[in-house]
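Below is one structure; the comments refer to it alone.
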Amino acid sequence: MSTRVGTVVIGAGPMGASAARHLAGMPDAGSVMVIGPDAPVSTHAHAGVHGAWHDEARLTRIIANDHVWATLAAESIARYPQIEAAGGIPFHRTQGVLYVHEAAESFALQHQVATDLSVEFDDISAEPHRVPFLRLTDGAGLLLEGGGAGTVNPKALVANQLRGAERLGAAVLRHTAIAIDETSSGVVVRTREGATVEADRVLVAAGAYLNSFPFFPSPLPVVSTGITALFYEVAGDVAAALQGMPGILWYPPAGGSHFLYSVPPTQYPDGKVYFKIGGYRESGPLLHEADITEWHRTDGGRMEVEMLKAFVAEHIPVLAGHDAHAIGCVITDTDSAMPMLREVVPGRISVATGCAGAAAKSCDEIGRLAALVATGAKWDSSLPKTVFHG
Ligand SMILES: Cc1cc2nc3c(=O)[nH]c(=O)nc-3n(C[C@H](O)[C@H](O)[C@H](O)COP(=O)(O)OP(=O)(O)OC[C@H]3O[C@@H](n4cnc5c(N)ncnc54)[C@H](O)[C@@H]3O)c2cc1C
């Protein structure tokens with residue numbers, strides 16, 4: 001198969017799918033093709049490339065430690081109804097998100113960001129009885145974000161973005177890209193399955209696999225790290241005890257480096273409901289395609305599982321001693337801790353990556369900005385373009 005398009009997007013995950021929906025509506029982009037596999041039915045059994053979105057829930061919230069991430073989230077959440085209308089699949093639940101702070105400094109910082117951006121939130125530090133399922137440190141600072149805060153289903157979000165792109169004329173090719181070659185008139189993308197796609201330009205949004213294929217003249221400065229998520233089945237008395245639980249971000253005491261997240265009970269394809277927690281990063285960088293794929297097929301890190309179980313036993317007593325299972329997943333970071341949206345070969349090859357463990361919720365705005373970078377269209381964000389150089 002050989003074909004010619006205006007813009008090809010490598011990666012049909014949150015960033016690639018979102019960028020594609022925006023590109024498909026931009027005259028400068030020409031015709032659009034997205035190349036990337038769908039989420040596998042079973043992560044353990046999947047030998048191909050994986051995405052950080054192969055799950056049923058991701059927290060969504062505006063409050064962050066800085067105005068950049070907060071703005072990206074606010075812009076994206078405001079467009080959730082539009083995204084849902086584009087694909088027709090409900091993906092957003094508003095259970096709220098609670099920020100638990102043991103250190104006064106981190107509490108004050110987030111309080112300030114929330115106030116500056118007029119986020120809908122309550123300071124419930126003096127009312128811990130409002131979260132009766134938690135055992136908290138005395139004096140913990142508690143911010144409860146309302147409005148659109150809660151969870152998104154990343155699979156449904158991605159499906160909506162792709163359907164929206166297809167309705168605007170984009171094509172989706174369920175292949176894995178293995179190389180990009182420059183030509184006098186643009187680029188040629190080759191896939192493992194044997195397709196050749198010529199294009200004026202390519203946007204690479206391959207998540208953790210960004211540097212695993214010969215896409216760029218030299219590897220980009222991003223780091224992919226194996227992490228672990230732990231799942232507790234929630235039923236019967238436990239379900240009753242966790243009724244009304246919001247998403248939670250657990251900030252460490254002063255000097256601590258790990259902050260944990262937990263996702264409220266969510267229904268999974270096996271018909272069961274699970275509470276999920278994760279956030280420790282003990283598993284080191286993953287550099288090669290085989291290592292990234294292999295980590296996704298593990299049950300996570302043993303030490304991380306033990307640390308997470310100990311944390312749960314201390315802070316969510318109703319789950320103490322219950323069985324739990326873990327999975328390995330991967331997140332990708334930049335030095336600046338901001339998404340990297342930049343041209344690698346001017347006018348030809350650009351990249352959208354480094355979306356940390358925090359960008360599923362904000363993929364629509366990040367994808368929109370990536371579309372501007374890819375096509376050279378006018379930058380219209382209130383955030384400076386230079387923030388996203390990586
Ligand atoms: C355990 C965990 C918890 C998280 N929690 C949250 C949260 O609560 N809230 C939040 O907002 N975010 C969260 N995130 C982060 C969020 O999921 C990521 O920021 C987001 O998925 C990044 O999107 P992406 O498209 O950049 O990369 P990915 O999600 O990794 O998607 C990349 C896509 O590229 C494809 N691909 C790779 N290589 C190729 C290739 N060669 N050819 C074609 N396609 C290719 C993959 O199949 C994949 O579909 C979490 C992530 C993890 C792992």
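Lettering and numbering for the structure tokens are positional, with chains as A, B, ... in the shown order, residues counted from 1 in each chain, and ligands counted from 1 in the shown order.
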Alpha helix (DSSP H) residues, from DSSP on the backbone, in stretch 115-298 of chain A, as a PyMOL selection string: chain A and resi 115-116+154-167+236-241+289-296
Nearby residues, ligand 1, 7 Å, only C-alpha atoms and all ligand atoms, as a PyMOL selection string: chain A and resi 10-16+35-39+49-53+58-60+175-178+205-210+213+227-229+278+329-331+352-362
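Considering only C-alpha atoms, the residue among A:Gly279, A:Gly284, A:Gly236, A:Gly376 positioned nearest to A:Leu308 is A:Gly279.
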Among listed residues A:Lys276, A:Arg135, A:Arg190, A:His296, nearest A:Glu314 (using only C-alpha atoms):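 The closest residue to A:Glu314 is A:Arg135.
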Closest of A:Ala114, A:Ala47, A:Ile366, A:Val202 to A:Arg297 - atom-to-atom distances counting only C-alpha atoms: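 Of all the options, A:Ala47 lies closest to A:Arg297.
Atom CA of A:Ile124 is positioned 6.8 Å from atom CA of A:Leu144.
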Exercise: A:Asn160 partners within 7 Å, only C-alpha atoms, chain neighbours under 4 positions left out, as a list in words: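 Surrounding residues, per the criterion: Ile83, Glu84, Ala86, Gly87, Gly88, Ile89, Ala156 and Gly164 of chain A.
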What does the file look like for those residues with N, CA and C atoms, as a compact mmCIF listing (two decimals), in the first residue's frame?
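Full text of result-v4.txt as output:
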# COMPACT_ATOMS: atom_id res chain seq x y z
N ILE A 83 -16.02 17.38 22.51
CA ILE A 83 -15.36 16.11 22.15
C ILE A 83 -16.37 14.97 22.21
N GLU A 84 -17.22 15.00 23.24
CA GLU A 84 -18.24 13.96 23.38
C GLU A 84 -19.21 14.02 22.19
N ALA A 86 -18.47 15.07 19.26
CA ALA A 86 -17.76 14.67 18.03
C ALA A 86 -17.79 13.15 17.85
N GLY A 87 -17.74 12.40 18.95
CA GLY A 87 -17.68 10.94 18.83
C GLY A 87 -18.89 10.21 19.38
N GLY A 88 -19.65 10.89 20.23
CA GLY A 88 -20.89 10.31 20.74
C GLY A 88 -20.71 9.35 21.91
N ILE A 89 -19.49 9.24 22.48
CA ILE A 89 -19.29 8.28 23.58
C ILE A 89 -19.08 9.06 24.89
N ALA A 156 -12.39 5.96 25.80
CA ALA A 156 -13.54 6.61 25.17
C ALA A 156 -13.15 8.00 24.66
N GLY A 164 -14.12 12.01 15.65
CA GLY A 164 -14.25 13.42 15.25
C GLY A 164 -13.33 13.72 14.08
Interatomic distance (Å, one decimal) between atom CA of A:Val100 and atom CA of A:Pro81: 28.9 Å
Distance of atom CA of A:Lys309 from atom CA of A:Glu294, expressed in Å to one decimal place: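 About the pair atom CA of A:Glu294 and atom CA of A:Lys309: they are 23.6 Å apart.
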